[in-house]
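> mmCIF, C-alpha atoms and all ligand atoms, saved as start_9.cif, coming up:
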```cif
data_input
#
loop_
_atom_site.label_atom_id
_atom_site.label_comp_id
_atom_site.auth_asym_id
_atom_site.auth_seq_id
_atom_site.Cartn_x
_atom_site.Cartn_y
_atom_site.Cartn_z
CA MET N 1106 0.00 0.00 0.00
CA GLY N 1107 1.39 3.36 -0.97
CA ASP N 1108 0.32 6.81 0.26
CA LYS N 1109 -3.22 7.78 -0.53
CA LYS N 1110 -3.17 9.04 -4.10
CA ARG N 1111 -5.64 10.80 -6.36
CA ILE N 1112 -5.65 9.52 -9.92
CA GLY N 1113 -7.31 11.31 -12.81
CA ILE N 1114 -8.66 9.31 -15.73
CA LEU N 1115 -10.01 10.36 -19.11
CA THR N 1116 -11.15 8.70 -22.31
CA SER N 1117 -10.02 10.45 -25.48
CA GLY N 1118 -10.49 10.06 -29.23
CA GLY N 1119 -13.22 7.95 -30.82
CA ASP N 1120 -15.13 5.77 -28.37
CA CYS N 1121 -15.20 1.99 -28.63
CA ALA N 1122 -16.49 -1.02 -26.75
CA GLY N 1123 -14.71 -1.80 -23.48
CA LEU N 1124 -14.02 1.70 -22.17
CA ASN N 1125 -16.40 1.35 -19.24
CA ALA N 1126 -14.88 -2.02 -18.38
CA LEU N 1127 -11.51 -0.26 -18.30
CA LEU N 1128 -12.78 2.48 -16.00
CA ARG N 1129 -14.20 -0.19 -13.72
CA ALA N 1130 -10.85 -1.97 -13.53
CA VAL N 1131 -8.97 1.23 -12.72
CA VAL N 1132 -11.45 2.28 -10.05
CA HIS N 1133 -11.33 -1.10 -8.31
CA ARG N 1134 -7.58 -1.55 -8.50
CA ALA N 1135 -7.05 1.97 -7.16
CA ALA N 1136 -9.55 1.33 -4.36
CA GLY N 1137 -7.50 -1.74 -3.47
CA TYR N 1138 -4.54 0.57 -2.84
CA GLY N 1139 -6.79 2.95 -0.91
CA TRP N 1140 -6.64 5.60 -3.66
CA GLU N 1141 -9.28 7.82 -5.24
CA VAL N 1142 -10.04 8.06 -8.96
CA TYR N 1143 -11.45 11.20 -10.57
CA GLY N 1144 -13.15 10.86 -13.95
CA ILE N 1145 -12.50 13.83 -16.24
CA ALA N 1146 -15.40 14.59 -18.60
CA GLU N 1147 -15.06 14.47 -22.39
CA GLY N 1148 -11.32 13.94 -22.65
CA THR N 1149 -9.24 17.13 -22.75
CA LEU N 1150 -12.42 19.18 -23.18
CA GLY N 1151 -13.16 18.68 -19.49
CA LEU N 1152 -9.80 20.28 -18.70
CA MET N 1153 -10.49 23.33 -20.85
CA GLU N 1154 -12.95 24.69 -18.31
CA SER N 1155 -12.23 26.32 -15.00
CA PRO N 1156 -13.09 24.65 -12.72
CA PRO N 1157 -12.43 21.51 -14.75
CA ARG N 1158 -15.21 18.99 -15.14
CA ALA N 1159 -14.19 16.01 -13.03
CA GLU N 1160 -15.89 13.88 -10.43
CA LEU N 1161 -14.93 11.25 -7.91
CA LEU N 1162 -15.72 7.77 -9.21
CA ASP N 1163 -17.32 5.71 -6.47
CA PRO N 1164 -16.23 2.04 -6.56
CA ALA N 1165 -19.68 1.04 -5.28
CA THR N 1166 -21.28 2.26 -8.53
CA PHE N 1167 -18.71 0.46 -10.70
CA ASP N 1168 -20.26 -2.96 -10.65
CA GLY N 1169 -20.59 -5.40 -13.53
CA THR N 1170 -23.46 -3.38 -15.01
CA ILE N 1171 -21.15 -0.63 -16.20
CA MET N 1172 -18.70 -3.13 -17.65
CA ARG N 1173 -21.34 -4.43 -20.07
CA ARG N 1174 -22.16 -1.03 -21.53
CA GLY N 1175 -20.79 0.32 -24.81
CA GLY N 1176 -19.45 3.87 -25.13
CA THR N 1177 -17.80 5.73 -22.28
CA ILE N 1178 -19.68 7.09 -19.29
CA LEU N 1179 -17.09 9.90 -19.09
CA GLY N 1180 -17.70 11.10 -22.63
CA THR N 1181 -14.88 11.70 -25.10
CA THR N 1182 -13.82 13.86 -28.02
CA ASN N 1183 -11.75 13.41 -31.15
CA THR N 1184 -11.70 17.12 -31.93
CA GLY N 1185 -10.21 18.47 -28.70
CA ASN N 1186 -6.49 18.81 -29.45
CA PRO N 1187 -5.44 21.54 -26.99
CA PHE N 1188 -2.33 22.34 -29.06
CA ALA N 1189 -4.48 23.34 -32.03
CA PHE N 1190 -7.92 23.93 -30.63
CA PRO N 1191 -10.38 25.32 -33.20
CA GLN N 1192 -11.92 28.68 -32.34
CA LEU N 1193 -15.34 29.73 -33.61
CA ASP N 1194 -13.76 31.33 -36.69
CA GLY N 1195 -12.02 27.99 -37.39
CA ASP N 1196 -8.48 29.21 -36.62
CA PRO N 1197 -6.68 26.93 -34.15
CA ILE N 1198 -5.06 28.23 -30.95
CA ASP N 1199 -2.76 26.59 -28.42
CA ARG N 1200 -4.64 26.02 -25.15
CA SER N 1201 -2.20 23.53 -23.67
CA GLU N 1202 -1.06 25.73 -20.75
CA GLU N 1203 -4.70 26.26 -19.76
CA VAL N 1204 -5.31 22.49 -19.78
CA ILE N 1205 -2.21 21.89 -17.65
CA ALA N 1206 -3.21 24.59 -15.15
CA ASN N 1207 -6.72 23.12 -14.84
CA TYR N 1208 -5.27 19.64 -14.40
CA ARG N 1209 -3.04 20.96 -11.60
CA SER N 1210 -6.03 22.57 -9.89
CA LEU N 1211 -7.48 19.08 -9.35
CA GLY N 1212 -4.54 18.15 -7.12
CA LEU N 1213 -4.00 14.83 -8.88
CA ASP N 1214 -0.93 12.63 -8.43
CA ALA N 1215 -1.18 10.90 -11.80
CA LEU N 1216 -3.25 10.75 -14.97
CA ILE N 1217 -4.40 7.69 -16.90
CA GLY N 1218 -5.29 8.51 -20.50
CA ILE N 1219 -7.21 5.97 -22.56
CA GLY N 1220 -6.72 6.73 -26.24
CA GLY N 1221 -5.73 5.78 -29.75
CA ASP N 1222 -2.44 6.83 -31.33
CA GLY N 1223 -3.54 10.43 -31.95
CA SER N 1224 -4.88 10.98 -28.44
CA LEU N 1225 -1.95 9.25 -26.76
CA ALA N 1226 0.49 11.45 -28.71
CA ILE N 1227 -1.36 14.59 -27.59
CA LEU N 1228 -1.57 13.46 -23.95
CA ASN N 1229 2.10 12.46 -23.97
CA ARG N 1230 3.06 15.92 -25.23
CA LEU N 1231 0.87 17.57 -22.58
CA ALA N 1232 2.36 15.37 -19.88
CA LYS N 1233 5.90 16.28 -20.88
CA GLN N 1234 5.12 19.98 -21.06
CA GLY N 1235 3.29 20.01 -17.73
CA GLY N 1236 5.37 17.48 -15.80
CA ILE N 1237 2.29 15.25 -15.44
CA ASN N 1238 2.75 11.68 -14.20
CA PHE N 1239 1.11 9.97 -17.14
CA VAL N 1240 0.21 6.39 -18.05
CA GLY N 1241 -1.45 5.59 -21.39
CA VAL N 1242 -3.83 2.75 -22.21
CA PRO N 1243 -4.42 1.76 -25.85
CA LYS N 1244 -7.95 1.61 -27.22
CA THR N 1245 -9.09 1.82 -30.80
CA ILE N 1246 -11.18 -0.29 -33.10
CA ASP N 1247 -8.47 0.33 -35.73
CA ASN N 1248 -5.89 -1.75 -33.76
CA ASP N 1249 -3.10 0.35 -35.20
CA ILE N 1250 -1.04 1.02 -32.06
CA GLY N 1251 2.23 -0.73 -32.80
CA VAL N 1252 3.44 -1.78 -29.37
CA THR N 1253 0.39 -3.85 -28.50
CA GLU N 1254 -1.01 -6.86 -30.28
CA ILE N 1255 -4.52 -5.83 -29.34
CA SER N 1256 -6.21 -2.57 -28.38
CA VAL N 1257 -9.41 -2.35 -26.39
CA GLY N 1258 -12.41 -2.15 -28.73
CA TYR N 1259 -10.87 -3.92 -31.71
CA ASP N 1260 -12.13 -7.42 -31.01
CA THR N 1261 -15.72 -6.27 -30.62
CA ALA N 1262 -15.52 -4.29 -33.86
CA VAL N 1263 -14.29 -7.40 -35.69
CA ALA N 1264 -17.11 -9.43 -34.12
CA VAL N 1265 -19.70 -6.87 -35.22
CA ALA N 1266 -18.35 -6.83 -38.79
CA THR N 1267 -18.28 -10.64 -38.84
CA GLU N 1268 -21.87 -10.77 -37.65
CA ALA N 1269 -22.81 -8.31 -40.39
CA LEU N 1270 -21.37 -10.74 -42.97
CA ASP N 1271 -23.31 -13.60 -41.35
CA ARG N 1272 -26.47 -11.58 -41.85
CA LEU N 1273 -25.63 -10.43 -45.36
CA GLN N 1274 -24.84 -13.90 -46.70
CA PRO N 1275 -28.38 -15.40 -46.61
CA THR N 1276 -30.00 -12.33 -48.11
CA ALA N 1277 -27.27 -12.17 -50.77
CA ALA N 1278 -27.88 -15.81 -51.69
CA SER N 1279 -31.66 -15.34 -51.78
CA HIS N 1280 -31.29 -12.64 -54.45
CA ARG N 1281 -28.15 -13.85 -56.23
CA ARG N 1282 -26.51 -10.61 -55.18
CA VAL N 1283 -23.03 -9.35 -54.55
CA MET N 1284 -22.98 -7.75 -51.11
CA ILE N 1285 -20.33 -5.16 -50.36
CA LEU N 1286 -19.57 -4.36 -46.74
CA GLU N 1287 -17.56 -1.20 -46.04
CA VAL N 1288 -15.88 -1.25 -42.64
CA MET N 1289 -13.89 1.26 -40.58
CA GLY N 1290 -10.24 1.07 -39.59
CA ARG N 1291 -8.82 4.40 -40.71
CA ASP N 1292 -5.53 3.72 -42.59
CA ALA N 1293 -5.25 0.12 -41.42
CA GLY N 1294 -7.07 -2.88 -42.88
CA HIS N 1295 -7.15 -4.99 -39.71
CA ILE N 1296 -10.93 -5.00 -39.25
CA ALA N 1297 -11.59 -5.72 -42.94
CA LEU N 1298 -9.04 -8.53 -43.15
CA ASN N 1299 -9.91 -10.27 -39.90
CA ALA N 1300 -13.69 -9.94 -40.16
CA GLY N 1301 -13.50 -10.83 -43.85
CA ILE N 1302 -11.79 -14.12 -43.11
CA ALA N 1303 -14.04 -14.91 -40.13
CA GLY N 1304 -17.17 -13.99 -42.08
CA GLY N 1305 -16.35 -15.96 -45.23
CA ALA N 1306 -15.73 -13.05 -47.62
CA ASP N 1307 -14.75 -13.83 -51.21
CA VAL N 1308 -12.96 -10.54 -51.76
CA ILE N 1309 -11.22 -8.38 -49.14
CA LEU N 1310 -9.73 -5.04 -50.11
CA ILE N 1311 -7.42 -3.29 -47.63
CA PRO N 1312 -5.40 -0.08 -48.00
CA GLU N 1313 -2.10 -1.93 -47.57
CA ILE N 1314 -2.56 -4.02 -50.75
CA PRO N 1315 -3.10 -2.11 -54.04
CA TYR N 1316 -5.85 -3.73 -56.06
CA ARG N 1317 -6.83 -3.91 -59.72
CA MET N 1318 -10.54 -3.92 -60.52
CA GLU N 1319 -10.06 -6.62 -63.17
CA HIS N 1320 -8.92 -9.11 -60.50
CA VAL N 1321 -12.01 -8.43 -58.40
CA VAL N 1322 -14.27 -8.76 -61.42
CA ARG N 1323 -12.63 -12.04 -62.44
CA LYS N 1324 -13.11 -13.47 -58.95
CA ILE N 1325 -16.79 -12.58 -58.84
CA ARG N 1326 -17.50 -13.82 -62.36
CA GLY N 1327 -15.68 -17.04 -61.54
CA LEU N 1328 -17.86 -17.60 -58.47
CA TYR N 1329 -21.10 -17.16 -60.43
CA ASP N 1330 -19.78 -19.27 -63.33
CA SER N 1331 -19.06 -22.08 -60.91
CA GLY N 1332 -22.67 -22.07 -59.66
CA ARG N 1333 -22.46 -19.77 -56.63
CA ASN N 1334 -25.52 -17.62 -56.04
CA PHE N 1335 -23.86 -14.85 -54.02
CA ALA N 1336 -20.57 -13.11 -53.34
CA LEU N 1337 -19.36 -11.22 -50.29
CA VAL N 1338 -16.91 -8.33 -50.62
CA VAL N 1339 -15.38 -6.50 -47.64
CA VAL N 1340 -13.69 -3.18 -48.24
CA ALA N 1341 -11.80 -1.06 -45.70
CA GLU N 1342 -12.82 2.58 -45.65
CA ALA N 1343 -9.36 3.88 -46.65
CA VAL N 1344 -9.08 1.79 -49.82
CA PRO N 1345 -8.58 4.25 -52.68
CA ASN N 1346 -10.52 4.49 -55.92
CA GLU N 1347 -8.86 3.36 -59.15
CA SER N 1348 -7.08 6.71 -59.50
CA GLY N 1349 -5.44 6.16 -56.13
CA ASN N 1350 -7.53 8.75 -54.25
CA ARG N 1351 -9.07 7.92 -50.89
CA ILE N 1352 -12.74 8.76 -50.67
CA VAL N 1353 -13.91 11.05 -47.88
CA GLN N 1354 -17.18 12.45 -46.63
CA LYS N 1355 -17.25 16.07 -45.61
CA TYR N 1356 -19.29 17.04 -42.58
CA ALA N 1357 -20.63 20.40 -41.44
CA GLY N 1358 -17.98 22.22 -39.46
CA GLY N 1359 -15.26 21.24 -41.89
CA GLN N 1360 -14.53 17.73 -40.63
CA SER N 1361 -13.86 15.01 -43.15
CA ARG N 1362 -13.74 11.27 -42.56
CA TYR N 1363 -13.14 8.28 -44.81
CA GLY N 1364 -16.33 6.91 -46.33
CA GLY N 1365 -17.83 6.06 -49.68
CA VAL N 1366 -15.49 3.48 -51.20
CA GLY N 1367 -18.19 0.79 -50.84
CA HIS N 1368 -20.53 2.68 -53.14
CA PHE N 1369 -17.72 3.50 -55.57
CA LEU N 1370 -16.87 -0.18 -55.75
CA GLY N 1371 -20.54 -1.12 -56.06
CA ASP N 1372 -21.01 1.12 -59.10
CA ARG N 1373 -17.90 -0.20 -60.81
CA LEU N 1374 -18.77 -3.85 -60.12
CA ALA N 1375 -22.34 -3.36 -61.34
CA GLU N 1376 -20.99 -2.06 -64.67
CA THR N 1377 -18.39 -4.78 -65.07
CA THR N 1378 -19.99 -7.94 -63.65
CA HIS N 1379 -23.67 -7.14 -64.42
CA ALA N 1380 -24.49 -8.72 -61.07
CA GLU N 1381 -26.98 -7.09 -58.74
CA ILE N 1382 -25.01 -5.26 -56.09
CA ARG N 1383 -25.97 -3.87 -52.69
CA VAL N 1384 -23.74 -1.90 -50.36
CA THR N 1385 -23.76 -1.78 -46.55
CA VAL N 1386 -21.68 0.84 -44.77
CA LEU N 1387 -21.28 -0.48 -41.23
CA GLY N 1388 -20.03 2.78 -39.71
CA HIS N 1389 -20.30 3.52 -36.02
CA VAL N 1390 -22.20 0.30 -35.34
CA GLN N 1391 -18.67 -1.13 -35.00
CA ARG N 1392 -17.97 1.17 -32.10
CA GLY N 1393 -21.17 1.26 -30.10
CA ALA N 1394 -21.70 -2.40 -29.33
CA ALA N 1395 -21.49 -3.95 -25.88
CA PRO N 1396 -17.91 -5.20 -25.42
CA ASN N 1397 -17.37 -8.87 -26.13
CA ALA N 1398 -15.58 -11.16 -23.68
CA ARG N 1399 -12.10 -10.49 -25.03
CA ASP N 1400 -12.50 -6.71 -24.89
CA ARG N 1401 -13.82 -6.90 -21.33
CA LEU N 1402 -10.83 -9.03 -20.42
CA MET N 1403 -8.22 -6.81 -22.12
CA ALA N 1404 -9.82 -3.72 -20.60
CA SER N 1405 -9.59 -5.30 -17.17
CA VAL N 1406 -5.99 -6.43 -17.65
CA PHE N 1407 -4.92 -3.01 -18.95
CA GLY N 1408 -6.76 -1.10 -16.21
CA VAL N 1409 -5.18 -3.09 -13.40
CA HIS N 1410 -1.70 -2.83 -14.95
CA ALA N 1411 -2.01 0.93 -15.47
CA VAL N 1412 -2.74 1.43 -11.76
CA ASP N 1413 0.11 -0.90 -10.83
CA LEU N 1414 2.49 1.24 -12.89
CA ILE N 1415 1.42 4.27 -10.88
CA GLU N 1416 1.98 2.32 -7.68
CA LYS N 1417 5.54 1.59 -8.84
CA GLY N 1418 6.08 5.23 -9.83
CA GLN N 1419 6.57 4.32 -13.49
CA PHE N 1420 5.32 7.08 -15.77
CA GLY N 1421 5.55 7.95 -19.46
CA ARG N 1422 4.52 4.35 -20.13
CA VAL N 1423 1.80 2.77 -22.20
CA VAL N 1424 0.40 -0.64 -21.32
CA ALA N 1425 0.35 -3.35 -23.97
CA TRP N 1426 -0.44 -7.00 -24.62
CA ARG N 1427 2.36 -9.12 -26.11
CA ASP N 1428 2.96 -12.85 -26.26
CA ARG N 1429 0.25 -13.66 -23.69
CA HIS N 1430 1.57 -11.10 -21.21
CA VAL N 1431 0.66 -7.60 -20.13
CA VAL N 1432 3.71 -5.38 -20.51
CA ASP N 1433 4.46 -1.67 -20.86
CA PHE N 1434 6.54 0.48 -23.16
CA ASP N 1435 7.91 3.98 -23.37
CA ILE N 1436 5.01 5.97 -24.72
CA ASP N 1437 7.23 7.66 -27.31
CA ASP N 1438 7.63 4.25 -28.98
CA ALA N 1439 3.90 3.56 -28.84
CA VAL N 1440 2.94 6.61 -30.83
CA ALA N 1441 5.85 6.57 -33.29
CA ALA N 1442 4.07 5.01 -36.27
CA PRO N 1443 0.68 3.35 -36.82
CA ALA N 1444 0.78 -0.41 -37.21
CA VAL N 1445 -0.90 -1.39 -40.44
CA VAL N 1446 -1.44 -4.90 -41.79
CA ASP N 1447 1.76 -6.86 -42.40
CA ILE N 1448 1.27 -7.93 -46.00
CA ASP N 1449 3.74 -10.81 -45.53
CA GLY N 1450 2.20 -11.83 -42.21
CA PRO N 1451 0.16 -14.88 -41.22
CA ILE N 1452 -3.30 -13.32 -41.60
CA VAL N 1453 -2.70 -12.22 -45.19
CA ARG N 1454 -1.19 -15.63 -45.90
CA THR N 1455 -4.26 -17.26 -44.42
CA ALA N 1456 -6.56 -15.19 -46.62
CA ARG N 1457 -4.58 -16.16 -49.70
CA GLY N 1458 -4.56 -19.79 -48.57
CA LEU N 1459 -8.34 -19.74 -48.42
CA GLY N 1460 -8.53 -18.47 -51.98
CA ILE N 1461 -9.83 -15.06 -50.94
CA CYS N 1462 -9.14 -12.39 -53.55
CA LEU N 1463 -7.17 -9.49 -52.08
CA GLY N 1464 -7.38 -7.55 -55.32
CA ASP N 1465 -3.75 -7.86 -56.38
CA GLN N 1466 -4.06 -11.13 -58.33
O1 LIG A 1501 -10.36 5.73 -35.19
C1 LIG A 1501 -11.61 5.17 -34.99
C2 LIG A 1501 -12.55 5.50 -36.11
O2 LIG A 1501 -13.79 4.84 -35.86
C3 LIG A 1501 -12.05 5.18 -37.51
O3 LIG A 1501 -12.12 3.81 -37.80
C4 LIG A 1501 -12.94 6.07 -38.34
O4 LIG A 1501 -12.30 6.38 -39.56
C5 LIG A 1501 -13.11 7.30 -37.48
O5 LIG A 1501 -12.80 6.91 -36.15
C6 LIG A 1501 -14.48 7.91 -37.51
O6 LIG A 1501 -14.45 9.08 -36.76
P1 LIG A 1501 -15.75 9.84 -36.26
O7 LIG A 1501 -16.24 9.17 -35.02
O8 LIG A 1501 -15.26 11.23 -36.00
O9 LIG A 1501 -16.79 9.79 -37.35
#
```
Please lay out the structure from this file as structure tokens.
Ligand code: F6P

Amino acid sequence: MGDKKRIGILTSGGDCAGLNALLRAVVHRAAGYGWEVYGIAEGTLGLMESPPRAELLDPATFDGTIMRRGGTILGTTNTGNPFAFPQLDGDPIDRSEEVIANYRSLGLDALIGIGGDGSLAILNRLAKQGGINFVGVPKTIDNDIGVTEISVGYDTAVAVATEALDRLQPTAASHRRVMILEVMGRDAGHIALNAGIAGGADVILIPEIPYRMEHVVRKIRGLYDSGRNFALVVVAEAVPNESGNRIVQKYAGGQSRYGGVGHFLGDRLAETTHAEIRVTVLGHVQRGAAPNARDRLMASVFGVHAVDLIEKGQFGRVVAWRDRHVVDFDIDDAVAAPAVVDIDGPIVRTARGLGICLGDQ
């Protein structure tokens, strides 16, 4: 047992399944040391107000009910970078010193930040600038944080996308259709590749492997010629069109996000295969589900380890899962480069071994 400490915790970046399970783990592990945990509202946004928005998290309210819920009870933001915070006129300003001052006003001994690569990089920079005792925990459905084999939220997103394929297959077969499923993942094709294999896709297109439309067309024609009455295509949102441009949707307020490649592909395949095509864009359904067993488990493992790092006085670390063990790394290494699909790795080899078309042959 160390001295009584006050730990701050925030969730930052896009939400995903398992965040509440992670909060639960942190609150209970900290309570075991006799410490208090303060939940900061809406990521760094909660620290941009004076007084900051934070409340004591009562272990008694963190029972198994919270663990089962999707989303994050603290709220989060993926537009709250304090180093370039957008003003009403759209011009960004640096509000980092304000955030640090508000953090200090809470009298916290350490901060646990749950985020993806972007959020962890921002929090790491803030921590260095403000001398904050920081521990990072990786979460993202994209699973693109290099130091860890799995991030909280990823497994549930893959399960949701796999279930979508399970539901698309019978309706595809009933109508002799080609079903295209567009999934998230930002610049990494992990969700598409893993769910595509698990869900029996015939074609999987990921940003890491350049494709040629003629290969996709040949695969689909071949399936129908051999008597198949459906085809399933999974495409990751960052796969480019044939000119090499990634397709984005623009939202009010100037934000843009990947989206639309499924419909692009659908139009091109309708012209070239003459099959009936339908497109499903899975979107945020991949994020909002209740966490599956593996995400609840990883969230619990990461939460306990993060608190144990604080107990040992080890800061500037990010927790990770490697080779069946929970470990931790220097956070600078964790945010160095996103981990995309290894095109020579076992999962790509498996897809090829199953005869799945990856668009390059
Ligand atoms: O990084 C998680 C993620 O869900 C990506 O897969 C996706 O491209 C993006 O966030 C969507 O962001 P938003 O929630 O702002 O629409």
> Hey, what's within 7 Å of Pro1156 (chain N) if we count all atoms listed in the file and toss same-chain stuff fewer than 2 positions away? As a list in words, please?
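Once the adjacent positions are removed, what remains is Glu1154, Arg1158 and Asn1207 of chain N.
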> Atoms to include: C-alpha atoms. Write the selected residues as a PDB file, in the coordinates of the input.

```pdb
ATOM      1  CA  GLU N1154     -12.950  24.690 -18.310  1.00  0.00           C
ATOM      2  CA  ARG N1158     -15.210  18.990 -15.140  1.00  0.00           C
ATOM      3  CA  ASN N1207      -6.720  23.120 -14.840  1.00  0.00           C
TER       4      ASN N1207
END
```
> For Ile1436 (chain N), which residue out of N:Gly1364, N:Gly1358, N:Gly1218, N:Pro1197 is the nearest one, using only C-alpha atoms?
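Ranking N:Gly1364, N:Gly1358, N:Gly1218, N:Pro1197 by distance to Ile1436 (chain N), first place goes to N:Gly1218.
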> Please check which protein, DNA or RNA residues sit within 10 Å of ligand LIG 1501 (chain A), counting only C-alpha atoms and all ligand atoms, and write them as number ranges by chain.
N: 1118-1121, 1182-1184, 1220-1223, 1244-1249, 1258-1259, 1262, 1288-1294, 1296, 1341-1343, 1353-1354, 1356, 1360-1364, 1388-1392
> Please work out which residues fall within 9 Å of (-0.1, 4.1, -22.1), coordinates as given in the file, with all atoms listed in the file counting, and return them as a list in words.
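Residues with an atom close enough to that point: Ile1217, Gly1218, Ile1219, Gly1220, Leu1225, Asn1229, Phe1239, Val1240, Gly1241, Val1242, Pro1243, Ala1411, Phe1420, Gly1421, Arg1422, Val1423, Val1424, Ala1425, Asp1433, Phe1434, Asp1435, Ile1436 and Ala1439 of chain N.
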> Show me, as a list of chain:residue names, the residues that have an atom within 12 Å of Arg1272 (chain N) when counting all atoms listed in the file, minus same-chain residues fewer than 5 positions from it.
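So the residues in contact are N:Val1265, N:Ala1266, N:Thr1267, N:Ala1277, N:Ala1278, N:Ser1279, N:Met1284, N:Leu1286, N:Gly1304, N:Gly1305, N:Leu1337, N:Thr1385.
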> Generate the output file for the selected residues, C-alpha atoms, as a compact mmCIF listing (two decimals), keeping the file's coordinate frame.

```
# COMPACT_ATOMS: atom_id res chain seq x y z
CA VAL N 1265 -19.70 -6.87 -35.22
CA ALA N 1266 -18.35 -6.83 -38.79
CA THR N 1267 -18.28 -10.64 -38.84
CA ALA N 1277 -27.27 -12.17 -50.77
CA ALA N 1278 -27.88 -15.81 -51.69
CA SER N 1279 -31.66 -15.34 -51.78
CA MET N 1284 -22.98 -7.75 -51.11
CA LEU N 1286 -19.57 -4.36 -46.74
CA GLY N 1304 -17.17 -13.99 -42.08
CA GLY N 1305 -16.35 -15.96 -45.23
CA LEU N 1337 -19.36 -11.22 -50.29
CA THR N 1385 -23.76 -1.78 -46.55
```
> Could you check how far CA of Ser1256 (chain N) sits from CA of Ser1405 (chain N), in Å to one decimal?
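Separation between CA of Ser1256 (chain N) and CA of Ser1405 (chain N): 12.0 Å.
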> Can you work out the spacing between CA of Asp1260 (chain N) and CA of Gly1393 (chain N) in Å, to one decimal?
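Value for the CA of Asp1260 (chain N)-CA of Gly1393 (chain N) distance: 12.6 Å.
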> Enter the distance from CA of Ile1311 (chain N) to CA of Gly1349 (chain N), in Å, rounded to one decimal.
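Spanning CA of Ile1311 (chain N) to CA of Gly1349 (chain N) is a straight-line distance of 12.9 Å.
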> Using all atoms listed in the file, which of N:Thr1253, N:Asn1238, N:Asn1334, N:Thr1177 sits nearest Gln1274 (chain N)?
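Of all the options, N:Asn1334 lies closest to Gln1274 (chain N).
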> For a quick check of understanding, using all atoms listed in the file, which of N:Ile1415, N:Ala1303, N:Val1204, N:Ala1232 has the smallest distance to Ile1112 (chain N)?
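Distance minimum relative to Ile1112 (chain N) lands on N:Ile1415.
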> Could you tell me which of N:Val1366, N:Phe1335, N:Gly1359, N:Arg1230 comes closest to Glu1287 (chain N) if we count all atoms listed in the file?
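Between N:Val1366, N:Phe1335, N:Gly1359, N:Arg1230, the residue approaching Glu1287 (chain N) most closely is N:Val1366.
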> From the set N:Pro1451, N:Gly1123, N:Gly1139, N:Gly1113, which residue has the shortest atom-to-atom contact distance to Asn1299 (chain N), counting all atoms listed in the file?
N:Pro1451
> Looking at N:His1133, N:His1295, N:Arg1173, N:Lys1110, which one is nearest to Ala1394 (chain N), with distances taken over all atoms listed in the file?
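Closest to Ala1394 (chain N), using all atoms listed in the file: N:Arg1173.
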> Got a minute to add N, CA and C atoms to region 1308-1319 of chain N and dump it as an mmCIF file, in the coordinates of the input?

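Saved file out_20.cif follows:
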```cif
data_model
loop_
_atom_site.group_PDB
_atom_site.id
_atom_site.type_symbol
_atom_site.label_atom_id
_atom_site.label_comp_id
_atom_site.auth_asym_id
_atom_site.auth_seq_id
_atom_site.Cartn_x
_atom_site.Cartn_y
_atom_site.Cartn_z
ATOM 1 N N VAL N 1308 -13.906 -11.593 -51.380
ATOM 2 C CA VAL N 1308 -12.960 -10.540 -51.760
ATOM 3 C C VAL N 1308 -12.760 -9.650 -50.535
ATOM 4 N N ILE N 1309 -11.503 -9.333 -50.221
ATOM 5 C CA ILE N 1309 -11.220 -8.380 -49.140
ATOM 6 C C ILE N 1309 -10.233 -7.348 -49.690
ATOM 7 N N LEU N 1310 -10.626 -6.096 -49.651
ATOM 8 C CA LEU N 1310 -9.730 -5.040 -50.110
ATOM 9 C C LEU N 1310 -9.290 -4.212 -48.905
ATOM 10 N N ILE N 1311 -7.961 -4.061 -48.758
ATOM 11 C CA ILE N 1311 -7.420 -3.290 -47.630
ATOM 12 C C ILE N 1311 -6.451 -2.245 -48.191
ATOM 13 N N PRO N 1312 -6.245 -1.147 -47.462
ATOM 14 C CA PRO N 1312 -5.400 -0.080 -48.000
ATOM 15 C C PRO N 1312 -3.946 -0.505 -48.208
ATOM 16 N N GLU N 1313 -3.509 -1.522 -47.489
ATOM 17 C CA GLU N 1313 -2.100 -1.930 -47.570
ATOM 18 C C GLU N 1313 -1.789 -2.691 -48.863
ATOM 19 N N ILE N 1314 -2.811 -3.222 -49.539
ATOM 20 C CA ILE N 1314 -2.560 -4.020 -50.750
ATOM 21 C C ILE N 1314 -3.253 -3.332 -51.943
ATOM 22 N N PRO N 1315 -2.489 -2.751 -52.866
ATOM 23 C CA PRO N 1315 -3.100 -2.110 -54.040
ATOM 24 C C PRO N 1315 -3.859 -3.151 -54.864
ATOM 25 N N TYR N 1316 -5.027 -2.767 -55.329
ATOM 26 C CA TYR N 1316 -5.850 -3.730 -56.060
ATOM 27 C C TYR N 1316 -6.020 -3.288 -57.513
ATOM 28 N N ARG N 1317 -6.405 -4.243 -58.359
ATOM 29 C CA ARG N 1317 -6.830 -3.910 -59.720
ATOM 30 C C ARG N 1317 -8.257 -4.408 -59.866
ATOM 31 N N MET N 1318 -9.117 -3.578 -60.414
ATOM 32 C CA MET N 1318 -10.540 -3.920 -60.520
ATOM 33 C C MET N 1318 -10.725 -5.219 -61.319
ATOM 34 N N GLU N 1319 -9.883 -5.422 -62.330
ATOM 35 C CA GLU N 1319 -10.060 -6.620 -63.170
ATOM 36 C C GLU N 1319 -9.922 -7.914 -62.360
#
```
